[in-house]
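J.: The structure is given below, and queries will be raised subsequently.
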Amino acid sequence: MSDQTHDQQGESRTFPPDPDFAASANGTADLFDAAEADHEGFWAEQARTYLTWSTPFTQNLDWSNPPFATWFADGELNACVNAVDRHVEAGRGDKVAIHFVGEPEGDSRDITYAELHEQVQRAANALADLGIGKGDTVAIYLPMIPEAAVAMLACARLGAPHSVVFGGFSADALHSRIEDAKAKVVITADGGYRRGKPSALKPAVDAALDHDETSVTDVLVVRRTGEDTAWNDRDTWWHEALERAAPTHEAQPVEAEHPLFILYTSGTTGKPKGIFHSTGGYLTQAAYTNAIVHDVHRDTDVYWCTADIGWVTGHSYIVYGPMTNGVTQVMYEGTPDTPDQGRWWQIVQDHRVTILYTAPTAVRTFMKWGAEIPARYDLSSLRLLGSVGEPINPEAWLWYRRTIGGDRTPVVDTWWQTETGAIMISPLPGVTTLEPGSAQRPIPGISAEILDDEGKPFTTPEQVGYLVLTKPWPSMLRGIWGDPERYKETYWSRFGPEYYFAGDGAKYDADGNIWLLGRVDDVMNVSGHRLSTAEIESALVSHPKVAEAAVVGASDETTGQAVCAFVILRQEAVAEADEPGEGEALVQELRNHVAKQIGPIAKPRQILVVAELPKTRSGKIMRRLLKDVAEGREVGDVTTLADSSVMDLIKKGMDAPASD
Ligand code: WT7
């Protein structure tokens, strides 16, 4: 493995916890000792501390059939009751659950826990009226509006696993996810606001369902933009269904292991994996980490996680963690530069946000826009900053702390995955001396190691290896929907059944801090979104003019990685592409084709038409060499190439102007 570490040189500043912060921090040093002394007992205590159980559990971890774990299996609970009802019952119904900020200026509203309670009950009844009950799956395809949280919680109330599909995915991607999960109902909206104008969503649902057979019987449509939308027999307006529905609904307690949700994520093959999570274990760790890492204090904090609800960060740290903890949070619909580049800081100022959780790609974008923009706002309410999704380089980390955090706030770099369900490696802001650029240590209750190529753990500083998790944890994925073999194969076979292989490279520094170094498999990370090279390659070759394609993630200053594609055209298309102006047009056509197949996030930054791809004699595409080219490096060792002149040709083609 090569060391692709982020510039660590010249950054020796570390930040010990502020004593005032430490004095009231939820995450304390004794948690490490307690977890060390009794791993399972520790987690059982968290499950009892953070959650309300309708039937208390007596069983703890069952790891007798690895890699299939159960946690707290004889206990029963309801996730929606934990996230909503119990706060109202405790007299906190008037507390704001969500400060919703729509993208159009002035389009804001506050939703209290009591209002949320009524909404989730009505929505649960509306879904039940459509025949949804325990074990049925529901697809959710919505913009960042409160109804997204209501829809998820209403499903949880019924014991119906939800499958949220990010609104940026295309109709085709939505179709395959709906059918894989056999969703009976889809919840969508006419559209949402993006970059200052309405952006339609419903047409993608209509196209996704325009197939001979579909598992979907009904579509609930939230009215958000009010724009005209085509209407089918299976469609019902969300607001009409909720108005008609009874205002009270008795939540269905489910077993701790009952699946709460499915979330599709990219793997190393073209087919996305339906990662599914449990109710009890998942909720325990989501709430616990939100308390000890984000340090939420229910009665005083205003928390804001900027992720989209369509990703796991939105599931764990907008809906399930913070709401289980009863916090007040901000939810923002739109982009950071609408109407101007100060929008986020305006929101922080208006709502006196105390905790901000975002992605390095956003931080680097703000760096590019300039420190003078946030400087125009009062950000003094902030007391903690968090980062997630990809490695945050020390420069961005320091800028984040200085410019946004007033050189005062801790910054926690949190490593985890869709599969882990919740934060795994992160500093504790009241305990850890912060090391910019490193996620540092596993949190209390989590065990990780770094293995070498032979699968042997080591602690040698600066040696690069593979990150593995060595003990089951409550919010671990329970499998891949409908594919237990793929679950075993993907996560538990590379280093044997003892180790969960995360797919990330990592190393220790001399102080024993863990540095994450990015994926070691064919998975890319673009702006914190996970994309598979194979999935984009198969989208490209599905275009009639493309014979072959190879995709790599090339490092990009702002987005972390960017999609770069190399394509070989079919014979008929070659001559056509040589016509003046046609090459450009073809590249655009291919980029749009990928956007249509997968979604705009997967659109290659660059597509290079080549005559050959670098292949080994056994025919395996050497993506490593393409990556060298895409990143403008001297091309590495080409001795295993079947035809080494191929790389010269490709390099020459690279000098042609890049498309944007
Ligand atoms: C992959 C998981 C975790 C929710 C958002 C992404 C990368 C995530 C960090 C971090 C370095 C990180 C890893 C991981 N990643 N957080 N703090 N430092 N890398 O979830 O889409 O499942 O992606 O994101 O490569 O494997 P995901």
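The chains in the structure tokens are called A, B, ... from first to last as shown; in each chain the residues are counted from 1, and the ligands are counted from 1 in the order shown.
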Which protein, DNA or RNA residues have an atom within 9 Å of ligand 1, counting only C-alpha atoms and all ligand atoms, as a ChimeraX atom specification?

T.: /A:265-266,307,311-314,316,359-360,387-392,412-423,425-426,437-439,502-505,515-520,523-525,528-531

J.: Show me, as JSON lines, the residues of region 121-236 of chain A having an atom within 10 Å of region 277-288 of chain A, each with the closest atom pair and its distance in Å, using only C-alpha atoms.

T.:
{"residue": "A:Ala156", "atom": "CA", "partner": "A:Thr279", "partner_atom": "CA", "distance": 8.8}
{"residue": "A:Gly159", "atom": "CA", "partner": "A:Thr279", "partner_atom": "CA", "distance": 9.3}
{"residue": "A:Pro161", "atom": "CA", "partner": "A:His277", "partner_atom": "CA", "distance": 9.2}

J.: Would you list the contacts of Gln121 (chain A) as a short mmCIF file (atom, residue, chain, number, x, y, z; two decimals) with N, CA, C and O atoms, in the first residue's frame, taking every protein, DNA or RNA residue within 7 Å and counting only C-alpha atoms, but skipping same-chain residues closer than 4 positions in sequence?

T.:
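The result, stored in around-v2.cif:
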data_model
loop_
_atom_site.label_atom_id
_atom_site.label_comp_id
_atom_site.auth_asym_id
_atom_site.auth_seq_id
_atom_site.Cartn_x
_atom_site.Cartn_y
_atom_site.Cartn_z
N HIS A 117 -44.98 15.10 17.67
CA HIS A 117 -45.72 13.96 18.19
C HIS A 117 -47.04 13.77 17.42
O HIS A 117 -47.37 12.67 16.99
N ASN A 125 -50.75 6.61 11.21
CA ASN A 125 -52.11 6.17 10.86
C ASN A 125 -52.33 6.20 9.35
O ASN A 125 -52.96 5.31 8.79
N ALA A 154 -42.46 7.87 11.59
CA ALA A 154 -43.76 7.21 11.46
C ALA A 154 -43.57 5.74 11.08
O ALA A 154 -44.27 4.85 11.59
N PRO A 247 -55.62 11.47 14.91
CA PRO A 247 -54.47 12.18 15.49
C PRO A 247 -53.70 11.38 16.53
O PRO A 247 -52.62 11.82 16.95
N THR A 248 -54.26 10.27 16.99
CA THR A 248 -53.48 9.50 17.97
C THR A 248 -53.21 8.09 17.44
O THR A 248 -54.02 7.52 16.68
N HIS A 249 -52.09 7.58 17.82
CA HIS A 249 -51.68 6.27 17.34
C HIS A 249 -50.83 5.60 18.40
O HIS A 249 -49.90 6.20 18.94
#

J.: May I ask which of the residues A:Asp172, A:Glu489, A:Asp350, A:Asp308 is the closest one to Gly106 (chain A), counting only C-alpha atoms?

T.: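 With only C-alpha atoms as the atom set, the closest residue is A:Asp350.
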
J.: Nearest to Ser215 (chain A) among A:Ile98, A:Val138, A:Phe166, A:Gly274, with distances taken over only C-alpha atoms: which residue is it?

T.: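 With only C-alpha atoms as the atom set, the closest residue is A:Val138.
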
J.: If you count only C-alpha atoms, which residues fall within 10 Å of region 586-595 of chain A, apart from same-chain ones fewer than 3 positions away, as a compact mmCIF listing (two decimals) with C-alpha atoms, in the first residue's frame?

T.:
# COMPACT_ATOMS: atom_id res chain seq x y z
CA GLY A 168 -29.85 13.44 -5.61
CA PHE A 169 -30.17 9.90 -6.94
CA SER A 170 -31.73 9.35 -10.35
CA GLU A 535 -21.06 1.28 -10.52
CA ILE A 536 -19.96 4.25 -12.61
CA GLU A 537 -18.11 2.00 -15.04
CA SER A 538 -21.21 -0.05 -15.60
CA ALA A 539 -23.24 3.14 -16.12
CA LEU A 540 -20.73 4.24 -18.77
CA VAL A 541 -20.69 0.96 -20.65
CA SER A 542 -24.47 0.94 -20.69
CA HIS A 543 -24.18 3.86 -23.15
CA LYS A 545 -21.24 4.41 -27.82
CA VAL A 546 -19.00 3.05 -25.08
CA ALA A 565 -13.26 8.23 -16.28
CA VAL A 567 -13.46 5.32 -21.96
CA ALA A 573 -18.50 6.12 -32.50
CA GLU A 576 -17.90 10.47 -35.29
CA ALA A 577 -16.03 11.70 -32.23
CA GLY A 581 -16.65 19.75 -31.91
CA GLU A 582 -18.12 16.26 -31.67
CA GLY A 583 -15.61 15.00 -29.09
CA ILE A 598 -26.89 7.13 -10.93
CA GLY A 599 -27.35 10.79 -10.06
CA PRO A 600 -25.59 14.13 -10.48
CA ILE A 601 -23.15 13.33 -7.65
CA ALA A 602 -21.66 10.57 -9.77
CA LYS A 603 -21.07 12.75 -12.83
CA PRO A 604 -17.40 12.41 -13.78
CA ARG A 605 -15.36 15.59 -13.40
CA GLN A 606 -13.42 14.45 -16.39
CA ILE A 607 -13.85 11.89 -19.14
CA LEU A 608 -10.96 11.00 -21.36
CA VAL A 609 -11.57 9.08 -24.55
CA SER A 659 -14.35 19.38 -19.13
CA ASP A 660 -16.11 20.72 -16.07

J.: Enumerate the residues of region 436-530 of chain A with a DSSP assignment of alpha helix (DSSP H), computed from the backbone, and present them as a ChimeraX atom specification.

T.: /A:484-492

J.: Determine, counting only C-alpha atoms, which protein, DNA and RNA residues have an atom within 10 Å of an atom of Ala29 (chain A); residues of the same chain fewer than 4 positions away are not included. Present the result as a VMD selection string.

T.: chain A and resid 33 to 34 428 430 to 432 444

J.: Using only C-alpha atoms for the distances, tell me which of A:Ile621, A:Val254, A:Ala506, A:Leu201 is nearest to Trp53 (chain A).

T.: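 Among A:Ile621, A:Val254, A:Ala506, A:Leu201, it is A:Val254 that comes nearest to Trp53 (chain A).
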
J.: From the options A:Ala575, A:Ala126, A:Val101, A:Val296, which residue's atoms come nearest to Met331 (chain A), counting only C-alpha atoms?

T.: A:Val101

J.: Skipping near chain neighbours, those fewer than 3 positions away, what residues fall within 9 Å of Arg92 (chain A) using only C-alpha atoms, listed as a list in words?

T.: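 Selected residues are Arg86, His87, Val88, Glu89, Lys95, Val96, Thr112, Tyr113, Ala114 and Gly326 of chain A.
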
J.: Those residues with all heavy atoms, as a compact mmCIF listing (two decimals), in the first residue's frame please?

T.:
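Listed below is the output, part_12.txt:
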# COMPACT_ATOMS: atom_id res chain seq x y z
N ARG A 86 -41.70 10.18 24.52
CA ARG A 86 -41.30 10.27 25.92
C ARG A 86 -40.90 11.69 26.32
O ARG A 86 -40.98 12.05 27.49
CB ARG A 86 -40.20 9.26 26.25
CG ARG A 86 -38.92 9.47 25.47
CD ARG A 86 -37.88 8.49 25.95
NE ARG A 86 -36.63 8.69 25.23
CZ ARG A 86 -35.45 8.38 25.71
NH1 ARG A 86 -35.34 7.85 26.92
NH2 ARG A 86 -34.37 8.58 25.00
N HIS A 87 -40.48 12.50 25.36
CA HIS A 87 -40.15 13.89 25.70
C HIS A 87 -41.43 14.67 26.02
O HIS A 87 -41.45 15.51 26.92
CB HIS A 87 -39.40 14.57 24.56
CG HIS A 87 -38.19 13.80 24.11
ND1 HIS A 87 -37.26 13.33 25.00
CD2 HIS A 87 -37.77 13.40 22.88
CE1 HIS A 87 -36.31 12.67 24.34
NE2 HIS A 87 -36.60 12.69 23.05
N VAL A 88 -42.48 14.37 25.26
CA VAL A 88 -43.76 15.03 25.49
C VAL A 88 -44.32 14.58 26.84
O VAL A 88 -44.76 15.39 27.66
CB VAL A 88 -44.74 14.71 24.34
CG1 VAL A 88 -46.10 15.36 24.59
CG2 VAL A 88 -44.16 15.16 23.00
N GLU A 89 -44.25 13.26 27.07
CA GLU A 89 -44.76 12.73 28.34
C GLU A 89 -44.03 13.32 29.54
O GLU A 89 -44.59 13.49 30.61
CB GLU A 89 -44.64 11.20 28.36
CG GLU A 89 -45.81 10.54 27.65
CD GLU A 89 -45.46 9.15 27.10
OE1 GLU A 89 -44.55 8.49 27.66
OE2 GLU A 89 -46.09 8.76 26.09
N LYS A 95 -40.90 22.29 23.87
CA LYS A 95 -39.51 22.52 23.44
C LYS A 95 -39.43 22.37 21.91
O LYS A 95 -40.03 21.46 21.34
CB LYS A 95 -38.62 21.48 24.12
CG LYS A 95 -37.15 21.65 23.85
CD LYS A 95 -36.37 20.63 24.70
CE LYS A 95 -34.96 20.42 24.20
NZ LYS A 95 -34.15 21.63 24.16
N VAL A 96 -38.67 23.24 21.27
CA VAL A 96 -38.51 23.14 19.82
C VAL A 96 -37.66 21.90 19.49
O VAL A 96 -36.58 21.72 20.05
CB VAL A 96 -37.84 24.40 19.24
CG1 VAL A 96 -37.51 24.21 17.76
CG2 VAL A 96 -38.76 25.61 19.43
N THR A 112 -42.30 22.00 17.49
CA THR A 112 -42.02 21.54 18.86
C THR A 112 -42.14 20.01 18.91
O THR A 112 -42.66 19.37 17.99
CB THR A 112 -43.05 22.12 19.85
OG1 THR A 112 -44.34 21.61 19.49
CG2 THR A 112 -43.05 23.64 19.82
N TYR A 113 -41.68 19.45 20.03
CA TYR A 113 -41.82 18.01 20.20
C TYR A 113 -43.30 17.60 20.22
O TYR A 113 -43.67 16.56 19.69
CB TYR A 113 -41.08 17.52 21.45
CG TYR A 113 -39.61 17.23 21.13
CD1 TYR A 113 -38.61 18.16 21.38
CD2 TYR A 113 -39.25 16.02 20.53
CE1 TYR A 113 -37.29 17.89 21.05
CE2 TYR A 113 -37.93 15.74 20.19
CZ TYR A 113 -36.95 16.68 20.45
OH TYR A 113 -35.64 16.40 20.11
N ALA A 114 -44.16 18.45 20.79
CA ALA A 114 -45.60 18.13 20.81
C ALA A 114 -46.16 18.10 19.38
O ALA A 114 -46.94 17.21 19.02
CB ALA A 114 -46.36 19.14 21.67
N GLY A 326 -33.52 14.27 22.80
CA GLY A 326 -34.46 15.36 23.05
C GLY A 326 -33.90 16.75 22.80
O GLY A 326 -34.36 17.72 23.40

J.: Go through region 78-165 of chain A residue by residue and, counting only C-alpha atoms, keep those with an atom at most 12 Å from region 54-62 of chain A; for each kept residue give the shortest atom pair and its distance in Å to one decimal, ordered by chain and increasing number, as JSON lines.

T.:
{"residue": "A:Asn78", "atom": "CA", "partner": "A:Ser54", "partner_atom": "CA", "distance": 7.8}
{"residue": "A:Ala79", "atom": "CA", "partner": "A:Ser54", "partner_atom": "CA", "distance": 10.8}
{"residue": "A:Val81", "atom": "CA", "partner": "A:Ser54", "partner_atom": "CA", "distance": 9.7}
{"residue": "A:Asn82", "atom": "CA", "partner": "A:Ser54", "partner_atom": "CA", "distance": 10.2}
{"residue": "A:Arg86", "atom": "CA", "partner": "A:Ser54", "partner_atom": "CA", "distance": 11.6}

J.: Take the residues from that selection and put them in a file with all heavy atoms, as an mmCIF file, in the first residue's frame.

T.:
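Okay, this is what ended up in selection22.cif:
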data_model
loop_
_atom_site.group_PDB
_atom_site.id
_atom_site.type_symbol
_atom_site.label_atom_id
_atom_site.label_comp_id
_atom_site.auth_asym_id
_atom_site.auth_seq_id
_atom_site.Cartn_x
_atom_site.Cartn_y
_atom_site.Cartn_z
ATOM 1 N N ASN A 78 -39.677 0.996 21.113
ATOM 2 C CA ASN A 78 -40.045 1.631 19.851
ATOM 3 C C ASN A 78 -39.181 2.876 19.670
ATOM 4 O O ASN A 78 -39.075 3.711 20.570
ATOM 5 C CB ASN A 78 -41.534 1.989 19.822
ATOM 6 C CG ASN A 78 -41.926 2.568 18.469
ATOM 7 O OD1 ASN A 78 -41.661 3.736 18.188
ATOM 8 N ND2 ASN A 78 -42.499 1.732 17.616
ATOM 9 N N ALA A 79 -38.558 2.981 18.507
ATOM 10 C CA ALA A 79 -37.617 4.077 18.264
ATOM 11 C C ALA A 79 -38.326 5.431 18.249
ATOM 12 O O ALA A 79 -37.789 6.428 18.721
ATOM 13 C CB ALA A 79 -36.881 3.856 16.941
ATOM 14 N N VAL A 81 -41.070 6.276 19.868
ATOM 15 C CA VAL A 81 -41.419 6.619 21.250
ATOM 16 C C VAL A 81 -40.202 7.215 21.950
ATOM 17 O O VAL A 81 -40.293 8.206 22.676
ATOM 18 C CB VAL A 81 -41.925 5.363 21.997
ATOM 19 C CG1 VAL A 81 -42.009 5.604 23.498
ATOM 20 C CG2 VAL A 81 -43.268 4.928 21.435
ATOM 21 N N ASN A 82 -39.040 6.623 21.703
ATOM 22 C CA ASN A 82 -37.814 7.132 22.314
ATOM 23 C C ASN A 82 -37.444 8.514 21.788
ATOM 24 O O ASN A 82 -36.919 9.339 22.523
ATOM 25 C CB ASN A 82 -36.660 6.152 22.083
ATOM 26 C CG ASN A 82 -36.625 5.072 23.151
ATOM 27 O OD1 ASN A 82 -36.069 5.270 24.226
ATOM 28 N ND2 ASN A 82 -37.259 3.936 22.882
ATOM 29 N N ARG A 86 -41.705 10.181 24.516
ATOM 30 C CA ARG A 86 -41.304 10.266 25.922
ATOM 31 C C ARG A 86 -40.897 11.688 26.323
ATOM 32 O O ARG A 86 -40.983 12.049 27.489
ATOM 33 C CB ARG A 86 -40.202 9.264 26.248
ATOM 34 C CG ARG A 86 -38.924 9.474 25.474
ATOM 35 C CD ARG A 86 -37.876 8.491 25.950
ATOM 36 N NE ARG A 86 -36.632 8.694 25.225
ATOM 37 C CZ ARG A 86 -35.452 8.376 25.711
ATOM 38 N NH1 ARG A 86 -35.342 7.847 26.922
ATOM 39 N NH2 ARG A 86 -34.372 8.581 24.995
#

J.: Just to confirm, what's the straight-line distance from CA of Ala90 (chain A) to CA of Glu147 (chain A) in Å (one decimal)?

T.: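 Answer for the CA of Ala90 (chain A) to CA of Glu147 (chain A) separation: 23.8 Å.
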
J.: Can you tell me which residues surround region 643-646 of chain A at a distance of at most 12 Å, considering only C-alpha atoms, apart from same-chain residues fewer than 5 positions away, and format the answer as number ranges by chain?

T.: A: 610-619, 621-622, 625-626, 629, 635-638, 651-653

J.: One decimal, Å: what's the distance from CA of Thr459 (chain A) over to CA of Gly41 (chain A), could you say?

T.: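 Computing it gives 27.8 Å between the two atoms.
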